[in-house]
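Below is the file entry.cif, which contains mmCIF, C-alpha atoms.
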```
data_work
#
loop_
_atom_site.label_atom_id
_atom_site.label_comp_id
_atom_site.auth_asym_id
_atom_site.auth_seq_id
_atom_site.Cartn_x
_atom_site.Cartn_y
_atom_site.Cartn_z
CA MET A 1 0.00 0.00 0.00
CA GLU A 2 3.03 2.30 -0.17
CA PHE A 3 1.91 3.76 -3.48
CA ILE A 4 -1.53 4.54 -1.98
CA LEU A 5 0.16 6.60 0.73
CA THR A 6 2.24 8.40 -1.91
CA LEU A 7 -0.85 9.06 -4.02
CA MET A 8 -2.71 10.44 -0.99
CA LEU A 9 0.24 12.77 -0.25
CA ILE A 10 0.48 14.00 -3.86
CA ILE A 11 -3.24 14.83 -4.10
CA ALA A 12 -3.31 16.59 -0.73
CA VAL A 13 -0.11 18.57 -1.26
CA SER A 14 -0.99 19.65 -4.81
CA LYS A 15 -4.42 20.97 -3.80
CA ILE A 16 -3.10 22.77 -0.70
CA ALA A 17 -0.22 24.33 -2.65
CA GLY A 18 -2.59 25.36 -5.45
CA ALA A 19 -4.95 27.02 -2.97
CA ILE A 20 -2.07 28.94 -1.36
CA THR A 21 -0.80 30.35 -4.66
CA VAL A 22 -4.33 31.39 -5.66
CA LYS A 23 -4.59 33.26 -2.34
CA LEU A 24 -1.33 35.00 -3.27
CA GLY A 25 -2.78 36.05 -6.63
CA GLN A 26 -0.92 33.48 -8.74
CA PRO A 27 -2.21 30.54 -10.86
CA ALA A 28 -2.83 27.33 -8.92
CA VAL A 29 -0.57 25.40 -11.29
CA LEU A 30 2.47 27.34 -10.02
CA GLY A 31 1.89 26.07 -6.48
CA LYS A 32 1.53 22.50 -7.73
CA LEU A 33 4.81 22.68 -9.64
CA LEU A 34 6.63 24.12 -6.63
CA ALA A 35 5.06 21.45 -4.40
CA GLY A 36 6.69 18.79 -6.58
CA ILE A 37 10.09 20.33 -5.93
CA VAL A 38 9.43 20.53 -2.17
CA VAL A 39 8.23 16.94 -1.65
CA GLY A 40 10.63 15.49 -4.25
CA PRO A 41 14.32 14.52 -4.11
CA ALA A 42 15.45 18.18 -4.28
CA LEU A 43 14.22 19.03 -0.76
CA LEU A 44 12.14 16.76 1.52
CA GLY A 45 12.51 13.52 -0.43
CA TRP A 46 9.01 12.26 0.45
CA VAL A 47 8.18 11.27 -3.14
CA ASP A 48 10.51 9.61 -5.64
CA ASN A 49 10.03 8.93 -9.33
CA SER A 50 8.63 5.45 -9.94
CA ASP A 51 7.07 3.51 -12.80
CA TRP A 52 3.50 3.79 -11.54
CA LEU A 53 3.91 7.53 -10.95
CA ALA A 54 5.28 7.98 -14.47
CA HIS A 55 2.25 6.11 -15.88
CA PHE A 56 -0.21 8.18 -13.83
CA SER A 57 1.60 11.34 -14.93
CA GLU A 58 1.37 10.33 -18.60
CA ILE A 59 -2.37 9.77 -18.26
CA GLY A 60 -2.65 13.14 -16.52
CA VAL A 61 -1.00 15.15 -19.30
CA LEU A 62 -2.98 13.26 -21.97
CA LEU A 63 -6.27 14.04 -20.22
CA LEU A 64 -5.21 17.67 -19.73
CA MET A 65 -4.59 18.10 -23.46
CA PHE A 66 -7.72 16.10 -24.30
CA ILE A 67 -9.83 18.53 -22.26
CA ALA A 68 -8.05 21.43 -23.98
CA GLY A 69 -9.10 19.93 -27.31
CA LEU A 70 -12.70 19.61 -26.13
CA GLU A 71 -12.75 23.31 -25.22
CA THR A 72 -10.98 24.54 -28.37
CA ASP A 73 -12.95 26.60 -30.85
CA LEU A 74 -12.19 24.77 -34.11
CA GLU A 75 -13.41 27.66 -36.25
CA GLN A 76 -11.09 30.04 -34.40
CA LEU A 77 -8.24 27.55 -34.81
CA ARG A 78 -8.83 27.39 -38.57
CA LYS A 79 -9.04 31.17 -38.77
CA ASP A 80 -5.73 31.68 -36.94
CA TRP A 81 -3.60 29.03 -38.67
CA LYS A 82 -1.32 31.68 -40.19
CA ALA A 83 -0.76 33.23 -36.78
CA SER A 84 -0.03 29.81 -35.26
CA LEU A 85 2.50 29.04 -38.00
CA SER A 86 4.18 32.42 -37.59
CA VAL A 87 4.33 32.10 -33.79
CA ALA A 88 5.76 28.57 -34.03
CA LEU A 89 8.49 29.57 -36.50
CA GLY A 90 9.43 32.66 -34.52
CA GLY A 91 9.53 30.51 -31.40
CA ILE A 92 11.91 28.06 -33.07
CA ILE A 93 14.36 30.31 -34.94
CA LEU A 94 15.29 32.71 -32.14
CA PRO A 95 15.63 30.07 -29.35
CA PHE A 96 17.72 27.89 -31.68
CA ALA A 97 20.12 30.77 -32.37
CA GLY A 98 20.27 31.67 -28.68
CA GLY A 99 20.82 28.09 -27.52
CA TYR A 100 23.48 27.49 -30.15
CA GLY A 101 25.31 30.68 -29.22
CA ALA A 102 25.21 29.94 -25.48
CA ALA A 103 26.51 26.40 -26.02
CA VAL A 104 29.43 27.62 -28.14
CA LEU A 105 30.21 30.27 -25.51
CA PHE A 106 30.60 27.52 -22.89
CA GLY A 107 32.89 25.44 -25.09
CA LEU A 108 30.49 22.75 -26.33
CA SER A 109 31.10 21.20 -29.73
CA SER A 110 29.20 22.31 -32.83
CA GLY A 111 27.02 19.17 -32.76
CA GLN A 112 26.20 19.60 -29.08
CA ALA A 113 25.41 23.29 -29.68
CA ILE A 114 22.97 22.39 -32.46
CA PHE A 115 21.26 19.89 -30.16
CA LEU A 116 20.98 22.42 -27.33
CA GLY A 117 19.56 24.99 -29.75
CA LEU A 118 16.88 22.53 -30.86
CA LEU A 119 16.12 21.58 -27.27
CA LEU A 120 15.42 25.24 -26.46
CA SER A 121 13.23 25.44 -29.57
CA ALA A 122 10.79 22.88 -28.12
CA THR A 123 7.54 23.97 -26.48
CA SER A 124 5.24 22.21 -24.04
CA VAL A 125 1.90 23.95 -23.61
CA SER A 126 0.44 21.63 -20.98
CA ILE A 127 1.31 24.18 -18.27
CA SER A 128 0.08 27.06 -20.43
CA VAL A 129 -3.18 25.19 -21.10
CA GLN A 130 -3.90 24.94 -17.38
CA THR A 131 -3.02 28.60 -16.84
CA LEU A 132 -5.23 29.72 -19.74
CA LYS A 133 -8.04 27.55 -18.40
CA GLU A 134 -7.79 29.16 -14.96
CA MET A 135 -8.02 32.61 -16.62
CA ASN A 136 -10.89 31.56 -18.95
CA LYS A 137 -8.68 32.36 -21.95
CA LEU A 138 -8.36 28.88 -23.45
CA SER A 139 -10.94 29.52 -26.19
CA SER A 140 -9.75 33.07 -26.91
CA ARG A 141 -7.89 33.97 -30.09
CA GLU A 142 -4.65 34.09 -28.11
CA GLY A 143 -5.34 30.67 -26.57
CA THR A 144 -6.11 28.93 -29.86
CA THR A 145 -3.04 30.53 -31.47
CA ILE A 146 -0.83 29.15 -28.69
CA LEU A 147 -2.34 25.68 -29.08
CA GLY A 148 -1.99 25.71 -32.86
CA ALA A 149 1.60 26.97 -32.64
CA ALA A 150 2.46 24.16 -30.22
CA VAL A 151 1.32 21.55 -32.75
CA VAL A 152 3.48 23.09 -35.50
CA ASP A 153 6.40 23.49 -33.09
CA ASP A 154 6.22 19.84 -32.05
CA VAL A 155 6.27 18.50 -35.61
CA VAL A 156 9.09 20.76 -36.83
CA VAL A 157 11.35 20.26 -33.80
CA VAL A 158 10.83 16.48 -33.68
CA VAL A 159 11.73 16.14 -37.37
CA LEU A 160 14.82 18.33 -37.00
CA LEU A 161 15.92 16.48 -33.85
CA ALA A 162 15.58 13.09 -35.53
CA VAL A 163 17.78 14.29 -38.39
CA VAL A 164 20.38 15.85 -36.09
CA MET A 165 20.54 12.82 -33.78
CA SER A 166 20.94 10.54 -36.78
CA LEU A 167 23.73 12.59 -38.36
CA LEU A 168 25.61 13.65 -35.23
CA GLY A 169 24.57 11.27 -32.45
CA SER A 170 24.67 7.53 -32.02
CA GLY A 171 21.11 6.94 -33.20
CA GLY A 172 21.94 5.36 -36.56
CA ASP A 173 20.65 6.31 -40.00
CA VAL A 174 17.22 7.75 -40.54
CA SER A 175 15.14 8.00 -43.69
CA ILE A 176 14.01 11.61 -44.08
CA PRO A 177 11.19 10.74 -46.52
CA LEU A 178 9.95 8.07 -44.10
CA LEU A 179 10.16 10.49 -41.19
CA LEU A 180 8.13 13.14 -43.01
CA GLY A 181 5.78 10.52 -44.45
CA LYS A 182 4.84 9.32 -40.97
CA LYS A 183 3.97 12.84 -39.87
CA VAL A 184 1.83 13.41 -42.98
CA LEU A 185 0.18 10.01 -42.47
CA PHE A 186 -0.62 10.87 -38.85
CA PHE A 187 -2.43 14.09 -39.73
CA ALA A 188 -4.19 12.53 -42.71
CA VAL A 189 -5.49 9.60 -40.65
CA VAL A 190 -6.47 11.81 -37.70
CA ILE A 191 -8.38 14.27 -39.89
CA ALA A 192 -10.19 11.45 -41.69
CA ALA A 193 -10.97 9.62 -38.43
CA SER A 194 -12.16 12.84 -36.79
CA TRP A 195 -14.49 13.54 -39.69
CA TRP A 196 -16.02 10.09 -40.20
CA LEU A 197 -14.99 7.53 -37.57
CA VAL A 198 -15.16 9.46 -34.27
CA PRO A 199 -18.80 10.63 -34.63
CA PHE A 200 -19.84 7.08 -35.62
CA VAL A 201 -17.95 5.44 -32.72
CA MET A 202 -19.24 7.95 -30.17
CA LYS A 203 -22.83 7.55 -31.36
CA ARG A 204 -22.76 3.74 -31.38
CA LEU A 205 -20.69 3.06 -28.25
CA SER A 206 -22.56 5.63 -26.16
CA ARG A 207 -25.72 3.56 -26.65
CA PHE A 208 -24.21 0.44 -25.07
CA PRO A 209 -26.26 -0.66 -22.03
CA VAL A 210 -23.32 -0.26 -19.64
CA THR A 211 -22.26 2.34 -17.09
CA GLU A 212 -20.72 5.55 -18.53
CA ALA A 213 -20.54 4.20 -22.08
CA ALA A 214 -19.97 7.63 -23.65
CA ILE A 215 -17.04 8.44 -21.32
CA SER A 216 -15.46 5.06 -21.96
CA ALA A 217 -15.77 5.60 -25.72
CA ALA A 218 -14.15 9.03 -25.38
CA LEU A 219 -11.23 7.59 -23.40
CA VAL A 220 -10.74 4.85 -25.98
CA ILE A 221 -10.50 7.49 -28.71
CA CYS A 222 -8.23 9.75 -26.63
CA PHE A 223 -5.74 7.02 -25.77
CA GLY A 224 -5.97 5.51 -29.25
CA PHE A 225 -5.11 8.84 -30.90
CA ALA A 226 -2.27 9.40 -28.39
CA TYR A 227 -0.77 5.97 -29.03
CA PHE A 228 -1.01 6.42 -32.80
CA ALA A 229 0.65 9.85 -32.52
CA ASP A 230 3.55 8.41 -30.57
CA ALA A 231 3.95 5.55 -33.05
CA MET A 232 4.14 8.08 -35.89
CA GLY A 233 6.82 10.12 -34.10
CA VAL A 234 4.47 12.89 -32.97
CA ALA A 235 4.04 13.66 -29.26
CA GLY A 236 1.21 11.73 -27.63
CA ILE A 237 -0.23 14.98 -26.26
CA ILE A 238 -0.87 16.14 -29.84
CA GLY A 239 -2.90 12.99 -30.45
CA ALA A 240 -4.90 13.53 -27.26
CA PHE A 241 -5.50 17.16 -28.23
CA ALA A 242 -6.72 16.08 -31.68
CA ALA A 243 -9.07 13.53 -30.07
CA GLY A 244 -10.52 16.28 -27.89
CA ILE A 245 -11.15 18.51 -30.90
CA ALA A 246 -12.82 15.60 -32.76
CA ILE A 247 -15.15 14.70 -29.89
CA GLY A 248 -15.77 18.41 -29.28
CA GLN A 249 -17.58 18.53 -32.63
CA THR A 250 -20.09 15.83 -31.59
CA PRO A 251 -23.34 16.27 -29.60
CA LEU A 252 -21.69 14.44 -26.68
CA ARG A 253 -19.08 17.13 -26.08
CA HIS A 254 -20.69 18.57 -22.93
CA THR A 255 -21.38 15.13 -21.43
CA VAL A 256 -17.80 14.00 -21.97
CA GLU A 257 -16.29 17.22 -20.65
CA THR A 258 -18.34 17.31 -17.44
CA LYS A 259 -17.53 13.67 -16.67
CA ILE A 260 -13.84 13.64 -17.68
CA GLU A 261 -12.80 16.78 -15.78
CA PRO A 262 -13.51 15.37 -12.29
CA ILE A 263 -11.49 12.24 -13.10
CA ALA A 264 -8.59 14.22 -14.53
CA TYR A 265 -8.33 17.07 -12.02
CA SER A 266 -8.93 15.04 -8.88
CA LEU A 267 -6.39 12.29 -9.57
CA PHE A 268 -4.23 12.19 -12.69
CA VAL A 269 -3.45 15.86 -13.40
CA PRO A 270 -2.15 16.54 -9.84
CA VAL A 271 0.25 13.62 -10.27
CA PHE A 272 1.47 15.10 -13.55
CA PHE A 273 2.18 18.52 -12.03
CA ILE A 274 3.94 17.04 -9.00
CA SER A 275 6.00 14.68 -11.20
CA ILE A 276 7.54 17.61 -13.09
CA GLY A 277 9.04 18.93 -9.85
CA LEU A 278 10.46 15.49 -9.04
CA ASN A 279 12.98 15.93 -11.86
CA VAL A 280 14.74 18.70 -9.95
CA THR A 281 17.87 17.95 -8.00
CA PHE A 282 20.44 20.41 -6.68
CA ALA A 283 23.26 17.87 -6.37
CA GLY A 284 26.58 19.05 -7.85
CA ILE A 285 25.32 22.21 -9.58
CA GLY A 286 27.59 24.67 -7.78
CA GLU A 287 30.07 24.84 -10.66
CA GLN A 288 27.31 25.27 -13.25
CA LEU A 289 25.44 28.22 -11.77
CA LEU A 290 26.62 30.66 -14.45
CA PHE A 291 25.59 28.22 -17.20
CA ILE A 292 22.16 27.70 -15.61
CA ALA A 293 21.57 31.44 -15.13
CA LEU A 294 22.66 32.43 -18.64
CA LEU A 295 20.84 29.59 -20.40
CA SER A 296 17.66 30.29 -18.40
CA ILE A 297 17.70 33.94 -19.49
CA VAL A 298 18.36 32.92 -23.10
CA ALA A 299 15.60 30.27 -23.00
CA ILE A 300 13.00 32.67 -21.59
CA LEU A 301 13.77 35.77 -23.64
CA THR A 302 14.31 34.10 -27.03
CA LYS A 303 11.06 32.14 -26.87
CA LEU A 304 9.15 35.12 -25.45
CA PHE A 305 10.28 37.59 -28.13
CA GLY A 306 10.55 35.07 -30.98
CA ALA A 307 6.95 33.88 -30.57
CA ALA A 308 5.76 37.42 -29.83
CA ALA A 309 7.33 38.67 -33.08
CA GLY A 310 5.46 35.94 -34.97
CA ALA A 311 2.20 37.02 -33.36
CA ARG A 312 2.86 40.70 -34.02
CA LEU A 313 3.50 40.01 -37.71
CA THR A 314 0.06 38.43 -38.03
CA GLY A 315 -1.98 41.29 -36.58
CA PHE A 316 -1.97 40.89 -32.79
CA ASN A 317 -1.42 44.01 -30.72
CA MET A 318 1.73 44.31 -28.63
CA ARG A 319 0.14 43.16 -25.34
CA SER A 320 -1.46 40.09 -26.89
CA SER A 321 1.75 39.26 -28.76
CA ILE A 322 3.83 39.29 -25.58
CA GLY A 323 1.13 37.22 -23.82
CA ILE A 324 1.30 34.63 -26.61
CA GLY A 325 5.08 34.64 -26.34
CA ALA A 326 4.80 33.97 -22.60
CA GLY A 327 2.48 31.05 -23.30
CA MET A 328 5.18 29.43 -25.45
CA ILE A 329 8.03 29.71 -22.90
CA SER A 330 7.50 26.47 -20.98
CA ARG A 331 9.61 23.55 -22.24
CA GLY A 332 8.08 21.12 -19.70
CA GLU A 333 7.96 17.38 -20.22
CA VAL A 334 8.70 17.65 -23.96
CA ALA A 335 12.18 19.12 -23.36
CA LEU A 336 12.83 16.66 -20.51
CA ILE A 337 12.27 13.78 -22.93
CA ILE A 338 14.52 15.45 -25.52
CA ALA A 339 17.24 16.01 -22.91
CA ALA A 340 17.16 12.33 -21.93
CA SER A 341 17.46 11.34 -25.60
CA GLY A 342 20.40 13.70 -26.04
CA LEU A 343 22.15 12.15 -23.06
CA GLN A 344 21.75 8.67 -24.57
CA SER A 345 23.06 9.77 -27.97
CA ALA A 346 26.02 11.70 -26.46
CA LEU A 347 24.76 15.01 -27.85
CA LEU A 348 24.21 16.33 -24.31
CA PRO A 349 27.27 15.86 -22.04
CA GLN A 350 26.56 14.19 -18.69
CA ALA A 351 27.92 17.23 -16.83
CA TYR A 352 25.28 19.44 -18.44
CA PHE A 353 22.27 17.15 -18.06
CA THR A 354 21.19 18.28 -14.56
CA PRO A 355 21.79 21.99 -15.35
CA VAL A 356 19.67 21.66 -18.52
CA VAL A 357 16.89 19.97 -16.51
CA LEU A 358 16.98 22.90 -14.07
CA VAL A 359 16.76 25.37 -16.97
CA ILE A 360 13.72 23.48 -18.28
CA MET A 361 12.18 23.73 -14.82
CA VAL A 362 12.87 27.48 -14.66
CA THR A 363 11.05 28.01 -17.99
CA THR A 364 8.15 25.94 -16.69
CA LEU A 365 7.91 27.80 -13.39
CA VAL A 366 8.05 31.33 -14.84
CA THR A 367 5.33 30.67 -17.43
CA PRO A 368 2.17 30.71 -15.22
CA PRO A 369 2.86 33.95 -13.28
CA LEU A 370 4.16 35.71 -16.40
CA MET A 371 1.08 34.73 -18.40
CA LYS A 372 -1.25 35.81 -15.63
CA GLN A 373 0.45 39.17 -15.32
CA LEU A 374 0.48 39.85 -19.07
CA PHE A 375 -3.09 38.72 -19.78
CA LYS A 376 -4.31 40.54 -16.68
CA ARG A 377 -2.77 43.76 -18.02
CA GLU A 378 -4.37 43.11 -21.40
CA GLN A 379 -7.82 42.72 -19.83
CA THR A 380 -7.29 45.88 -17.80
CA ALA A 381 -6.24 47.79 -20.91
CA SER A 382 -9.23 46.58 -22.88
#
```

Written as structure tokens, that's how I'd like the structure from this file.
Amino acid sequence: MEFILTLMLIIAVSKIAGAITVKLGQPAVLGKLLAGIVVGPALLGWVDNSDWLAHFSEIGVLLLMFIAGLETDLEQLRKDWKASLSVALGGIILPFAGGYGAAVLFGLSSGQAIFLGLLLSATSVSISVQTLKEMNKLSSREGTTILGAAVVDDVVVVVLLAVVMSLLGSGGDVSIPLLLGKKVLFFAVVIAASWWLVPFVMKRLSRFPVTEAAISAALVICFGFAYFADAMGVAGIIGAFAAGIAIGQTPLRHTVETKIEPIAYSLFVPVFFISIGLNVTFAGIGEQLLFIALLSIVAILTKLFGAAAGARLTGFNMRSSIGIGAGMISRGEVALIIAASGLQSALLPQAYFTPVVLVIMVTTLVTPPLMKQLFKREQTAS
């Protein structure tokens, strides 16, 4: 029953920490992230990473992005595809240049510098999604632009990383046409399934004479899309997000949303937020403080202004553009996975792994309060 005790602690601590930060005028998600650092190996050591916790965390982030898909205005998403593309590209080019330059400055090889630049180009909007949701901005033009940009960002960075790791790392050869073909196949299948298969499955399975048939059907689609995305080399969260959009176009949208949210936010999502903080450790970082500080500044500013420039070029005002840039700052679990892959392929030196993880955590922690401050100012101005 040890894992039951750990689960009880995670749920209690995450909710208490979230309530405290809300009282202090900050998003609840910030408190949950900080709680993970406090109860994890970095400080108290009450909770350690484990297989079951990793699985619960994975379900949590998939459900979080699935709910975001359910609440996304598809028409707004279609309307703002140019803005999403521009934000994504701006949020890749500038962070890549900044990461590459910082790596060269600290004496890393050209290959390692390219990898670090691509790592800083990644975006994870799971934290931004929760922050937008708390501010009732998820379905706004800014919110849908951030979500759309994250999809583009994921595909571009994953393709570039696969090429770089094949050419410079120890990952072996990779077929570029096959790599691109899998991405195209994923989106083609998902669009077709969302148009024809999902409405049919939801309609038929929801009529089964069993308990919560509609919710079960929705979860089958969510996890099926996520698994297929991962198999095609696209992040599972993109698949879950696509599943949410697909089901959001059916008459069962409200039923699914009202039933899924209690499951997600009472159990799995708290585990996900806490698990991010468990990756932090302060062991042996004394000699790397300058690297951590400089790379954190580079990671925050380049993504903020790169994505903001993309938004500004497509018609957003300055306040909204900076808010969108803030929503793209978090590297979260996506960059943690990339960092682990870089360590395995020798493109990220062992001595820099923990400092890079801490930089990723810094970007994740600054995103919620920065977004709240910027969007709050925008609302005040309007």

Practice task
Would you list the contacts of Glu261 of chain A as a PyMOL selection string, taking every protein, DNA or RNA residue within 12 Å and counting only C-alpha atoms, but skipping same-chain residues closer than 6 positions in sequence?
Solution key: chain A and resi 60+63-68+70-71+215+254-255+267-269

Exercise for the section: Go through the shown structure with the PyMOL selection byres ((chain A and resi 88-101) around 10) and write out the matching residues as a count of residues only. Expected result: 60

Handout entry: Residue with smallest distance to Ile16 of chain A - pool A:Lys372, A:Ala35, A:Met165, A:Arg207, counting only C-alpha atoms
Key =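 Residue with the minimum atom-to-atom distance to Ile16 of chain A: A:Ala35.
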
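Our summary of the geometry notes that atom CA of Gly323 of chain A is positioned 6.0 Å from atom CA of Phe375 of chain A.
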
Handout entry: Hits of the PyMOL selection byres ((chain A and resi 273-280) around 8) in this structure, as number ranges by chain
Key = A: 10, 14, 29, 32-42, 47-49, 53-54, 57, 269-272, 281-282, 332-333, 354, 357-358, 361

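The two atoms in question, atom CA of Thr211 of chain A and atom CA of Ile263 of chain A, are spaced 15.2 Å apart.
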
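Using all atoms listed in the file, the nearest neighbour of Leu205 of chain A within the list A:Ala217, A:Met371, A:Ala231, A:Val256 is A:Ala217.
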
Problem - Interatomic distance (Å, one decimal) between atom CA of Thr364 of chain A and atom CA of Ile127 of chain A - result: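 Atom-to-atom, atom CA of Thr364 of chain A and atom CA of Ile127 of chain A are spaced 7.2 Å apart.
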
Practice task
Convert the output of the PyMOL selection byres ((chain A and resi 176-189) around 9) on the shown file into explicit residues, formatted as a PyMOL selection string.
Solution key: chain A and resi 155+159+162-163+174-175+190-194+228-229+231-234+239

I need the residues from that last selection saved to file as an mmCIF file, keeping the file's coordinate frame (with C-alpha atoms), if you can.
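This is the output file again-v4.cif:
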```cif
data_model
loop_
_atom_site.group_PDB
_atom_site.id
_atom_site.type_symbol
_atom_site.label_atom_id
_atom_site.label_comp_id
_atom_site.auth_asym_id
_atom_site.auth_seq_id
_atom_site.Cartn_x
_atom_site.Cartn_y
_atom_site.Cartn_z
ATOM 1 C CA VAL A 155 6.270 18.500 -35.610
ATOM 2 C CA VAL A 159 11.730 16.140 -37.370
ATOM 3 C CA ALA A 162 15.580 13.090 -35.530
ATOM 4 C CA VAL A 163 17.780 14.290 -38.390
ATOM 5 C CA VAL A 174 17.220 7.750 -40.540
ATOM 6 C CA SER A 175 15.140 8.000 -43.690
ATOM 7 C CA VAL A 190 -6.470 11.810 -37.700
ATOM 8 C CA ILE A 191 -8.380 14.270 -39.890
ATOM 9 C CA ALA A 192 -10.190 11.450 -41.690
ATOM 10 C CA ALA A 193 -10.970 9.620 -38.430
ATOM 11 C CA SER A 194 -12.160 12.840 -36.790
ATOM 12 C CA PHE A 228 -1.010 6.420 -32.800
ATOM 13 C CA ALA A 229 0.650 9.850 -32.520
ATOM 14 C CA ALA A 231 3.950 5.550 -33.050
ATOM 15 C CA MET A 232 4.140 8.080 -35.890
ATOM 16 C CA GLY A 233 6.820 10.120 -34.100
ATOM 17 C CA VAL A 234 4.470 12.890 -32.970
ATOM 18 C CA GLY A 239 -2.900 12.990 -30.450
#
```

Size and centre in Å, one decimal, axis-aligned box, all listed segment 4-19 of chain A atoms plus 5 Å per side, as JSON:
```
{"center_x": -1.4, "center_y": 15.8, "center_z": -2.4, "size_x": 17.2, "size_y": 32.5, "size_z": 16.2}
```

Practice task
Rank nothing, just name the residue among A:Ile292, A:Val198, A:Ala12, A:Met1 nearest to Pro355 of chain A, using all atoms listed in the file.
Solution key: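 Comparing A:Ile292, A:Val198, A:Ala12, A:Met1 against Pro355 of chain A, the winner is A:Ile292.
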
Handout entry: Option closest in space to Ala335 of chain A, from A:His55, A:Val359, A:Leu290, A:Ser321 [counting all atoms listed in the file]
Key = A:Val359

Completion exercise
The residue from A:Gly244, A:Gly327, A:Gly224, A:Gly107 with the smallest atom-to-atom distance to Gly143 of chain A, counting all atoms listed in the file, is A:Gly327

Exercise for the section: Kindly indicate which residue among A:Gly45, A:Gly342, A:Pro251, A:Pro27 lies nearest to Lys133 of chain A, using only C-alpha atoms for the distances. Expected result: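 The answer is A:Pro27, which sits nearest to Lys133 of chain A.
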
Problem - Residue neighbourhood segment 23-25 of chain A, 10 Å, all atoms listed in the file, exclusion window fewer than 4 positions, as a list in words - result: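 Using all atoms listed in the file, the neighbours found are Ala17, Gly18, Ala19, Pro369, Lys372 and Gln373 of chain A.
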
Could those selected residues go to a file with C-alpha atoms, as a PDB file, in the frame of the given file?
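Generated output (part.pdb):
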```pdb
ATOM      1  CA  ALA A  17      -0.220  24.330  -2.650  1.00  0.00           C
ATOM      2  CA  GLY A  18      -2.590  25.360  -5.450  1.00  0.00           C
ATOM      3  CA  ALA A  19      -4.950  27.020  -2.970  1.00  0.00           C
ATOM      4  CA  PRO A 369       2.860  33.950 -13.280  1.00  0.00           C
ATOM      5  CA  LYS A 372      -1.250  35.810 -15.630  1.00  0.00           C
ATOM      6  CA  GLN A 373       0.450  39.170 -15.320  1.00  0.00           C
TER       7      GLN A 373
END
```
